[in-house]
file protein12.txt (compact mmCIF, C-alpha atoms and all ligand atoms)
# COMPACT_ATOMS: atom_id res chain seq x y z
CA MET A 1 -221.60 292.61 -180.10
CA GLU A 2 -223.27 295.28 -177.96
CA LYS A 3 -222.08 295.37 -174.37
CA ILE A 4 -224.85 294.47 -171.91
CA ASN A 5 -225.42 297.24 -169.35
CA ASN A 6 -228.06 297.60 -166.73
CA ILE A 7 -230.18 300.32 -168.36
CA LEU A 8 -231.33 301.62 -164.98
CA SER A 9 -227.72 302.43 -164.00
CA LEU A 10 -227.70 305.12 -166.72
CA PHE A 11 -230.38 307.02 -164.79
CA LYS A 12 -228.33 307.17 -161.59
CA LEU A 13 -227.00 310.55 -160.48
CA ASP A 14 -224.63 309.36 -157.74
CA GLY A 15 -221.90 311.93 -157.09
CA GLU A 16 -223.59 314.57 -159.28
CA LYS A 17 -224.13 318.11 -157.99
CA ALA A 18 -227.29 320.00 -158.92
CA ILE A 19 -228.81 323.47 -158.58
CA VAL A 20 -232.58 323.91 -158.72
CA THR A 21 -234.01 327.43 -158.84
CA GLY A 22 -237.37 327.91 -157.18
CA GLY A 23 -236.82 324.57 -155.43
CA GLY A 24 -238.63 325.63 -152.27
CA ARG A 25 -242.10 324.54 -153.25
CA GLY A 26 -244.28 323.27 -156.08
CA LEU A 27 -242.64 321.70 -159.12
CA GLY A 28 -239.16 322.83 -157.98
CA ARG A 29 -239.55 320.87 -154.75
CA ALA A 30 -240.55 317.73 -156.67
CA ILE A 31 -237.56 318.17 -159.00
CA SER A 32 -235.13 318.68 -156.10
CA ILE A 33 -236.43 315.56 -154.37
CA ALA A 34 -236.26 313.55 -157.61
CA LEU A 35 -232.62 314.48 -158.26
CA ALA A 36 -231.72 313.61 -154.67
CA GLU A 37 -233.59 310.30 -154.88
CA ALA A 38 -231.53 309.51 -157.99
CA GLY A 39 -228.32 310.19 -156.05
CA ALA A 40 -227.43 313.87 -156.55
CA ASP A 41 -226.49 316.47 -153.95
CA VAL A 42 -228.77 319.48 -154.40
CA ALA A 43 -228.49 323.24 -153.92
CA ILE A 44 -231.85 324.95 -153.74
CA VAL A 45 -232.07 328.59 -154.71
CA ASP A 46 -235.25 330.45 -153.81
CA LYS A 47 -236.61 333.73 -152.53
CA LEU A 48 -238.68 331.91 -149.91
CA THR A 49 -237.19 330.57 -146.69
CA GLU A 50 -239.82 328.58 -144.74
CA GLU A 51 -240.83 326.44 -147.73
CA VAL A 52 -237.16 325.81 -148.56
CA LYS A 53 -236.54 324.49 -145.02
CA GLU A 54 -239.25 321.88 -145.60
CA THR A 55 -237.73 320.80 -148.95
CA VAL A 56 -234.30 320.58 -147.29
CA SER A 57 -235.58 318.38 -144.49
CA ILE A 58 -237.25 315.99 -146.98
CA ILE A 59 -234.00 315.66 -148.99
CA GLU A 60 -231.84 315.14 -145.88
CA LYS A 61 -233.80 311.95 -145.26
CA PHE A 62 -232.22 310.48 -148.43
CA GLY A 63 -228.77 311.07 -146.92
CA ARG A 64 -227.80 313.52 -149.66
CA LYS A 65 -226.06 316.82 -149.13
CA VAL A 66 -228.45 319.71 -149.55
CA ILE A 67 -227.88 323.44 -149.24
CA ALA A 68 -230.37 326.30 -149.36
CA ILE A 69 -229.41 329.66 -150.80
CA LYS A 70 -231.63 332.73 -150.67
CA ALA A 71 -231.36 334.56 -153.98
CA ASP A 72 -233.50 336.38 -156.50
CA VAL A 73 -233.01 334.91 -160.00
CA CYS A 74 -233.46 338.38 -161.54
CA LYS A 75 -230.50 339.94 -159.72
CA GLU A 76 -227.23 339.13 -161.46
CA GLU A 77 -225.05 339.75 -158.39
CA GLU A 78 -227.18 337.34 -156.32
CA VAL A 79 -227.10 334.75 -159.10
CA LYS A 80 -223.32 335.01 -159.42
CA LYS A 81 -222.84 334.80 -155.65
CA SER A 82 -225.11 331.76 -155.33
CA VAL A 83 -223.17 329.94 -158.05
CA GLN A 84 -219.90 330.73 -156.22
CA ILE A 85 -221.37 329.32 -152.99
CA VAL A 86 -222.34 326.08 -154.73
CA ILE A 87 -218.87 325.72 -156.28
CA ARG A 88 -217.30 326.34 -152.85
CA GLU A 89 -219.57 323.80 -151.12
CA PHE A 90 -219.86 321.13 -153.84
CA GLY A 91 -216.71 321.72 -155.93
CA LYS A 92 -218.61 321.53 -159.26
CA ILE A 93 -222.05 321.76 -160.84
CA ASP A 94 -223.24 318.95 -163.14
CA ILE A 95 -226.96 319.74 -163.32
CA LEU A 96 -228.87 323.03 -163.45
CA VAL A 97 -232.66 323.23 -163.40
CA CYS A 98 -234.04 326.71 -164.11
CA ASN A 99 -237.49 326.28 -162.64
CA ALA A 100 -238.33 329.55 -160.81
CA GLY A 101 -241.25 331.28 -162.48
CA ILE A 102 -244.26 333.48 -161.85
CA VAL A 103 -247.59 334.16 -163.54
CA SER A 104 -250.19 336.90 -163.50
CA TRP A 105 -253.40 337.32 -165.44
CA ILE A 106 -253.86 340.72 -167.04
CA PRO A 107 -255.44 341.68 -170.39
CA ALA A 108 -252.73 342.92 -172.80
CA GLU A 109 -254.41 346.27 -173.36
CA GLU A 110 -254.30 347.00 -169.62
CA MET A 111 -250.85 345.63 -168.84
CA THR A 112 -248.29 348.16 -167.65
CA LEU A 113 -244.70 347.98 -168.82
CA GLU A 114 -243.72 347.29 -165.19
CA GLU A 115 -246.04 344.26 -165.06
CA TRP A 116 -244.63 342.99 -168.37
CA GLN A 117 -241.03 343.54 -167.24
CA LYS A 118 -241.50 341.98 -163.78
CA LEU A 119 -242.61 338.71 -165.34
CA MET A 120 -239.93 338.74 -168.06
CA ASP A 121 -237.31 339.39 -165.37
CA VAL A 122 -238.14 336.17 -163.52
CA ASN A 123 -239.28 333.85 -166.32
CA LEU A 124 -236.77 334.78 -169.03
CA ASN A 125 -233.92 336.91 -167.63
CA GLY A 126 -233.62 334.66 -164.56
CA VAL A 127 -233.21 331.62 -166.81
CA PHE A 128 -230.61 333.40 -168.94
CA LEU A 129 -228.62 334.54 -165.88
CA TYR A 130 -228.43 331.07 -164.30
CA CYS A 131 -227.59 329.45 -167.66
CA LYS A 132 -224.84 332.03 -168.18
CA TRP A 133 -223.15 331.75 -164.76
CA VAL A 134 -223.53 327.99 -164.36
CA GLY A 135 -222.78 327.46 -168.07
CA GLN A 136 -219.34 329.06 -167.55
CA GLU A 137 -218.53 326.46 -164.90
CA MET A 138 -219.84 323.57 -167.00
CA ILE A 139 -217.85 324.75 -170.04
CA LYS A 140 -214.67 324.74 -167.91
CA LYS A 141 -215.35 321.13 -166.85
CA LYS A 142 -216.62 320.11 -170.30
CA LYS A 143 -219.66 318.46 -168.69
CA GLY A 144 -223.17 319.49 -167.78
CA SER A 145 -226.91 319.08 -168.19
CA ILE A 146 -229.16 322.14 -168.06
CA ILE A 147 -232.92 321.71 -167.92
CA ASN A 148 -235.08 324.79 -168.28
CA VAL A 149 -238.73 324.89 -167.30
CA SER A 150 -241.01 326.43 -169.89
CA SER A 151 -244.70 325.58 -170.28
CA MET A 152 -247.20 324.31 -172.81
CA SER A 153 -247.98 328.05 -173.02
CA ALA A 154 -244.90 328.31 -175.25
CA TYR A 155 -247.01 326.63 -177.95
CA ILE A 156 -250.65 327.42 -177.21
CA VAL A 157 -252.71 330.32 -175.89
CA ASN A 158 -254.32 329.20 -172.66
CA VAL A 159 -257.94 330.14 -172.04
CA PRO A 160 -259.82 331.83 -170.50
CA GLN A 161 -257.08 333.66 -168.55
CA LYS A 162 -255.15 336.42 -170.28
CA GLN A 163 -251.39 336.09 -169.93
CA CYS A 164 -249.63 337.30 -173.09
CA HIS A 165 -246.43 338.12 -171.15
CA TYR A 166 -246.28 334.61 -169.63
CA ASN A 167 -246.87 332.91 -173.00
CA ALA A 168 -244.20 335.08 -174.65
CA SER A 169 -241.70 334.44 -171.83
CA LYS A 170 -242.17 330.67 -172.05
CA ALA A 171 -241.82 330.63 -175.86
CA ALA A 172 -238.59 332.62 -175.45
CA VAL A 173 -237.25 330.07 -172.95
CA VAL A 174 -237.70 327.32 -175.57
CA GLN A 175 -235.72 329.26 -178.19
CA LEU A 176 -233.08 330.31 -175.62
CA THR A 177 -232.67 326.63 -174.75
CA LYS A 178 -232.19 325.63 -178.40
CA SER A 179 -229.66 328.44 -178.95
CA LEU A 180 -227.60 327.42 -175.90
CA ALA A 181 -227.78 323.75 -176.95
CA VAL A 182 -226.04 324.66 -180.20
CA GLU A 183 -223.52 327.06 -178.61
CA TRP A 184 -222.51 324.64 -175.88
CA ALA A 185 -222.65 321.26 -177.63
CA PRO A 186 -218.88 321.46 -178.35
CA TYR A 187 -218.29 321.64 -174.57
CA ASN A 188 -220.37 318.54 -173.76
CA VAL A 189 -223.03 320.70 -172.11
CA ARG A 190 -226.57 319.58 -172.98
CA VAL A 191 -229.46 322.04 -172.71
CA ASN A 192 -233.07 320.86 -172.80
CA VAL A 193 -236.45 322.27 -171.80
CA VAL A 194 -239.55 320.76 -170.23
CA CYS A 195 -242.92 322.27 -171.14
CA PRO A 196 -245.51 321.16 -168.59
CA GLY A 197 -249.26 321.41 -168.70
CA TYR A 198 -251.26 322.29 -165.60
CA ILE A 199 -249.71 320.99 -162.36
CA MET A 200 -251.32 321.25 -158.93
CA THR A 201 -248.72 323.47 -157.21
CA PRO A 202 -249.17 326.43 -154.82
CA LEU A 203 -249.09 328.65 -157.93
CA LEU A 204 -252.16 326.90 -159.34
CA LYS A 205 -253.91 326.57 -156.00
CA GLU A 206 -254.36 330.35 -156.10
CA ALA A 207 -256.72 329.93 -159.08
CA ASP A 208 -260.46 329.75 -158.31
CA ASN A 209 -262.32 326.46 -158.62
CA LYS A 210 -264.21 327.58 -161.72
CA LEU A 211 -260.94 327.94 -163.62
CA LEU A 212 -259.59 324.63 -162.31
CA ASP A 213 -262.80 322.92 -163.48
CA GLU A 214 -262.55 324.54 -166.90
CA TRP A 215 -258.92 323.47 -167.42
CA THR A 216 -259.72 319.96 -166.21
CA SER A 217 -262.63 319.61 -168.61
CA ILE A 218 -260.47 320.69 -171.60
CA SER A 219 -257.73 318.17 -170.75
CA PRO A 220 -257.91 314.74 -172.51
CA GLN A 221 -257.04 313.00 -169.23
CA LYS A 222 -259.65 315.15 -167.40
CA ARG A 223 -257.25 315.99 -164.61
CA ILE A 224 -254.42 318.25 -163.49
CA ALA A 225 -251.01 316.69 -162.82
CA ASP A 226 -249.48 316.05 -159.43
CA PRO A 227 -245.93 317.55 -159.32
CA SER A 228 -244.52 314.07 -158.64
CA GLU A 229 -245.62 312.95 -162.13
CA LEU A 230 -242.96 315.22 -163.66
CA LYS A 231 -240.07 313.80 -161.61
CA GLY A 232 -239.07 311.15 -164.15
CA ILE A 233 -238.46 313.49 -167.06
CA PHE A 234 -236.07 315.66 -165.02
CA VAL A 235 -234.05 312.68 -163.79
CA PHE A 236 -233.91 311.34 -167.36
CA LEU A 237 -232.71 314.62 -168.90
CA ALA A 238 -230.17 315.13 -166.11
CA SER A 239 -228.72 311.65 -166.56
CA GLN A 240 -226.47 309.78 -168.99
CA ALA A 241 -229.60 308.04 -170.29
CA ALA A 242 -230.28 311.30 -172.16
CA SER A 243 -226.76 311.68 -173.61
CA TYR A 244 -228.12 312.21 -177.16
CA PHE A 245 -230.75 314.74 -176.05
CA THR A 246 -229.87 318.38 -176.45
CA GLY A 247 -232.08 321.24 -177.59
CA SER A 248 -235.14 319.04 -177.04
CA ALA A 249 -238.39 320.57 -175.83
CA ILE A 250 -240.39 317.90 -174.03
CA ILE A 251 -244.10 318.63 -173.67
CA ALA A 252 -245.49 316.94 -170.54
CA ASP A 253 -249.14 317.96 -170.50
CA GLY A 254 -251.37 314.86 -170.36
CA GLY A 255 -252.31 315.57 -173.97
CA TYR A 256 -253.65 319.09 -173.32
CA THR A 257 -252.06 320.61 -176.45
CA LEU A 258 -253.30 317.85 -178.76
CA TRP A 259 -256.59 319.46 -179.70
N1 LIG A 301 -248.09 324.93 -162.02
C1 LIG A 301 -248.35 324.82 -163.33
O1 LIG A 301 -249.48 324.51 -163.74
C2 LIG A 301 -247.25 325.08 -164.32
C3 LIG A 301 -247.50 324.76 -165.67
C4 LIG A 301 -246.49 324.97 -166.62
C5 LIG A 301 -245.29 325.50 -166.22
N2 LIG A 301 -245.08 325.82 -164.91
C6 LIG A 301 -243.78 326.39 -164.56
O2 LIG A 301 -243.18 325.61 -163.56
C7 LIG A 301 -242.31 326.42 -162.78
C8 LIG A 301 -242.63 326.21 -161.30
O3 LIG A 301 -243.96 326.63 -161.09
P1 LIG A 301 -244.83 326.19 -159.81
O4 LIG A 301 -246.18 325.92 -160.31
O5 LIG A 301 -244.11 325.18 -159.01
O6 LIG A 301 -244.87 327.60 -159.04
P2 LIG A 301 -244.77 327.95 -157.47
O7 LIG A 301 -245.18 329.38 -157.36
O8 LIG A 301 -245.51 326.96 -156.69
O9 LIG A 301 -243.20 327.81 -157.19
C9 LIG A 301 -242.30 328.69 -157.81
C10 LIG A 301 -241.06 328.81 -156.95
O10 LIG A 301 -240.19 329.76 -157.62
C11 LIG A 301 -239.74 330.68 -156.65
N3 LIG A 301 -239.45 331.99 -157.25
C12 LIG A 301 -240.33 332.82 -157.87
N4 LIG A 301 -239.71 333.96 -158.24
C13 LIG A 301 -238.42 333.83 -157.85
C14 LIG A 301 -237.29 334.67 -157.95
N5 LIG A 301 -237.36 335.89 -158.51
N6 LIG A 301 -236.11 334.23 -157.46
C15 LIG A 301 -236.02 333.02 -156.86
N7 LIG A 301 -237.06 332.18 -156.73
C16 LIG A 301 -238.25 332.58 -157.22
C17 LIG A 301 -240.89 330.80 -155.65
O11 LIG A 301 -240.44 331.34 -154.41
C18 LIG A 301 -241.36 329.37 -155.56
O12 LIG A 301 -240.65 328.62 -154.59
C19 LIG A 301 -242.53 327.86 -163.25
O13 LIG A 301 -241.51 328.20 -164.17
C20 LIG A 301 -243.87 327.77 -163.96
O14 LIG A 301 -244.03 328.77 -164.94
C21 LIG A 301 -246.03 325.62 -163.95

call {"tool": "encode", "arguments": {"input": "protein12.txt", "output": "structure tokens", "more": "lines below"}}
Ligand SMILES: NC(=O)c1ccc[n+]([C@@H]2O[C@H](COP(=O)([O-])OP(=O)(O)OC[C@H]3O[C@@H](n4cnc5c(N)ncnc54)[C@H](O)[C@@H]3O)[C@@H](O)[C@H]2O)c1
result
Amino acid sequence: MEKINNILSLFKLDGEKAIVTGGGRGLGRAISIALAEAGADVAIVDKLTEEVKETVSIIEKFGRKVIAIKADVCKEEEVKKSVQIVIREFGKIDILVCNAGIVSWIPAEEMTLEEWQKLMDVNLNGVFLYCKWVGQEMIKKKKGSIINVSSMSAYIVNVPQKQCHYNASKAAVVQLTKSLAVEWAPYNVRVNVVCPGYIMTPLLKEADNKLLDEWTSISPQKRIADPSELKGIFVFLASQAASYFTGSAIIADGGYTLW
């Protein structure tokens, strides 16, 4: 007979240690808060400082340990050092969320190689570097959950803005995730990816109202998500409730990619 467990206990992250890149604001802030609410101690890595202080003070209210580390996800030395700091402070890393990302809108025929590379550096190389350095620690402990942040742009071409580099970077993050899931399954390290639709973060607030209206009208739910609506999927993937999930790409877009 199946043992009766409290299903909700599988979602708890008590005693777990997490790193969230780009956790200072936007979606990364919501993810950091969600993991802390579920019981984890959280290390936030970001280039920003003021925004990170605000995230830290919100998390402290839950009585969790939280540390802020200033690092650029594109610079391998800074990535490596930040991972060492987290190991020193927390003793281990159970959860990694590679969330830091940027966007710019430039027609392909006008895009310079520098513009292409700058975006790839953050959105793809930054994800690879954190997966590599944190993955080494998780492999040693034979335990870990990595959640990368891609986008629905991995699957569709957004309109009307032109962002071929962004779309390509996000598609690459999905395939990187699947490759790591296979490589690291023998070490009990799960690697999944979340592909959100439009979320009202500081990144999106920079868009003009005409664009926001256009995206809203295309969306089946006729709205843009609040970052808090994505919290559940990150807690789920981080937790034991998702023990059979690896290499999964979860589209969370209010139905945007359905038509
Ligand atoms: N907002 C959306 O509509 C949307 C939709 C799909 C996917 N996403 C993805 O979600 C993630 C978070 O986006 P957001 O909307 O919260 O953006 P945001 O700009 O509001 O926040 C991004 C955070 O990443 C940090 N960051 C950027 N470059 C960095 C670097 N080189 N090193 C360290 N930190 C860096 C920023 O300082 C910031 O705190 C991104 O990967 C983005 O592509 C966002």

call {"tool": "residues_around", "arguments": {"input": "protein12.txt", "residues": "Trp105 of chain A", "least_positions_apart": "3", "cutoff": "9 Å", "atoms": "only C-alpha atoms", "output": "list in words"}}
result
Gln161, Lys162, Gln163, Cys164 and Tyr166 of chain A

call {"tool": "residues_near_ligand", "arguments": {"input": "protein12.txt", "ligand": "ligand LIG 301 (chain A)", "cutoff": "7 Å", "atoms": "only C-alpha atoms and all ligand atoms", "output": "PyMOL selection string"}}
result
chain A and resi 21-28+45-48+71-74+99-103+122-123+149-152+195-204

call {"tool": "atom_distance", "arguments": {"input": "protein12.txt", "atom1": "atom CA of Val134 of chain A", "atom2": "atom CA of Val52 of chain A"}}
result
21.0 Å

call {"tool": "axis_aligned_box", "arguments": {"input": "protein12.txt", "around": "segment 85-93 of chain A", "padding_each_side": "8 Å", "output": "JSON"}}
result
{"center_x": -219.5, "center_y": 325.2, "center_z": -156.0, "size_x": 21.6, "size_y": 24.2, "size_z": 25.7}

call {"tool": "atom_distance", "arguments": {"input": "protein12.txt", "atom1": "atom CA of Leu211 of chain A", "atom2": "atom CA of Asn158 of chain A"}}
result
11.3 Å

call {"tool": "closest_residue", "arguments": {"input": "protein12.txt", "among": "A:Phe236, A:Phe62, A:Trp116, A:Tyr155", "to": "Asn167 of chain A", "atoms": "all atoms listed in the file"}}
result
A:Tyr155

call {"tool": "closest_residue", "arguments": {"input": "protein12.txt", "among": "A:Ala108, A:Ile19, A:Ile33, A:Val127", "to": "Ile87 of chain A", "atoms": "all atoms listed in the file"}}
result
A:Ile19

call {"tool": "residues_around", "arguments": {"input": "protein12.txt", "residues": "Gln221 of chain A", "least_positions_apart": "5", "cutoff": "9 Å", "atoms": "all atoms listed in the file", "output": "number ranges by chain"}}
result
A: 216, 254-256

call {"tool": "atom_distance", "arguments": {"input": "protein12.txt", "atom1": "atom CA of Ala181 of chain A", "atom2": "atom CA of Ile233 of chain A"}}
result
17.8 Å

call {"tool": "decode", "arguments": {"input": "protein12.txt", "residues": "segment 229-252 of chain A", "atoms": "N, CA and C atoms", "output": "mmCIF file, in the first residue's frame"}}
result
data_model
loop_
_atom_site.group_PDB
_atom_site.id
_atom_site.type_symbol
_atom_site.label_atom_id
_atom_site.label_comp_id
_atom_site.auth_asym_id
_atom_site.auth_seq_id
_atom_site.Cartn_x
_atom_site.Cartn_y
_atom_site.Cartn_z
ATOM 1 N N GLU A 229 3.298 35.640 -10.259
ATOM 2 C CA GLU A 229 2.570 34.500 -10.822
ATOM 3 C C GLU A 229 3.505 33.371 -11.276
ATOM 4 N N LEU A 230 4.801 33.679 -11.340
ATOM 5 C CA LEU A 230 5.782 32.657 -11.755
ATOM 6 C C LEU A 230 6.428 31.966 -10.557
ATOM 7 N N LYS A 231 6.112 32.440 -9.342
ATOM 8 C CA LYS A 231 6.820 31.923 -8.160
ATOM 9 C C LYS A 231 6.633 30.409 -7.991
ATOM 10 N N GLY A 232 5.423 29.940 -8.204
ATOM 11 C CA GLY A 232 5.098 28.536 -7.947
ATOM 12 C C GLY A 232 5.931 27.562 -8.762
ATOM 13 N N ILE A 233 6.156 27.876 -10.016
ATOM 14 C CA ILE A 233 6.869 26.926 -10.881
ATOM 15 C C ILE A 233 8.338 26.782 -10.439
ATOM 16 N N PHE A 234 8.913 27.871 -9.922
ATOM 17 C CA PHE A 234 10.318 27.788 -9.485
ATOM 18 C C PHE A 234 10.439 26.981 -8.190
ATOM 19 N N VAL A 235 9.486 27.188 -7.275
ATOM 20 C CA VAL A 235 9.510 26.402 -6.032
ATOM 21 C C VAL A 235 9.307 24.926 -6.371
ATOM 22 N N PHE A 236 8.363 24.647 -7.255
ATOM 23 C CA PHE A 236 8.100 23.252 -7.648
ATOM 24 C C PHE A 236 9.362 22.606 -8.219
ATOM 25 N N LEU A 237 9.967 23.247 -9.219
ATOM 26 C CA LEU A 237 11.138 22.625 -9.874
ATOM 27 C C LEU A 237 12.314 22.481 -8.916
ATOM 28 N N ALA A 238 12.423 23.409 -7.960
ATOM 29 C CA ALA A 238 13.531 23.338 -6.991
ATOM 30 C C ALA A 238 13.341 22.185 -6.014
ATOM 31 N N SER A 239 12.093 21.774 -5.825
ATOM 32 C CA SER A 239 11.753 20.898 -4.692
ATOM 33 C C SER A 239 11.709 19.414 -5.058
ATOM 34 N N GLN A 240 11.559 18.588 -4.031
ATOM 35 C CA GLN A 240 11.436 17.141 -4.205
ATOM 36 C C GLN A 240 10.151 16.762 -4.952
ATOM 37 N N ALA A 241 9.173 17.676 -4.964
ATOM 38 C CA ALA A 241 7.936 17.401 -5.701
ATOM 39 C C ALA A 241 8.227 17.203 -7.190
ATOM 40 N N ALA A 242 9.367 17.725 -7.645
ATOM 41 C CA ALA A 242 9.726 17.627 -9.072
ATOM 42 C C ALA A 242 10.831 16.597 -9.306
ATOM 43 N N SER A 243 10.922 15.586 -8.432
ATOM 44 C CA SER A 243 12.061 14.652 -8.505
ATOM 45 C C SER A 243 12.164 13.913 -9.850
ATOM 46 N N TYR A 244 11.042 13.782 -10.582
ATOM 47 C CA TYR A 244 11.102 13.081 -11.872
ATOM 48 C C TYR A 244 11.197 14.061 -13.047
ATOM 49 N N PHE A 245 11.392 15.334 -12.744
ATOM 50 C CA PHE A 245 11.502 16.347 -13.798
ATOM 51 C C PHE A 245 12.965 16.671 -14.042
ATOM 52 N N THR A 246 13.465 16.326 -15.196
ATOM 53 C CA THR A 246 14.765 16.865 -15.605
ATOM 54 C C THR A 246 14.761 17.013 -17.116
ATOM 55 N N GLY A 247 15.368 18.090 -17.591
ATOM 56 C CA GLY A 247 15.366 18.379 -19.029
ATOM 57 C C GLY A 247 14.036 18.922 -19.513
ATOM 58 N N SER A 248 13.145 19.258 -18.582
ATOM 59 C CA SER A 248 11.829 19.774 -18.985
ATOM 60 C C SER A 248 11.896 21.266 -19.261
ATOM 61 N N ALA A 249 11.211 21.684 -20.312
ATOM 62 C CA ALA A 249 11.073 23.113 -20.619
ATOM 63 C C ALA A 249 9.624 23.480 -20.357
ATOM 64 N N ILE A 250 9.396 24.291 -19.353
ATOM 65 C CA ILE A 250 8.023 24.624 -18.950
ATOM 66 C C ILE A 250 7.675 26.011 -19.504
ATOM 67 N N ILE A 251 6.713 26.045 -20.396
ATOM 68 C CA ILE A 251 6.264 27.328 -20.952
ATOM 69 C C ILE A 251 5.203 27.901 -20.010
ATOM 70 N N ALA A 252 5.463 29.128 -19.532
ATOM 71 C CA ALA A 252 4.522 29.789 -18.610
ATOM 72 C C ALA A 252 4.187 31.141 -19.223
#
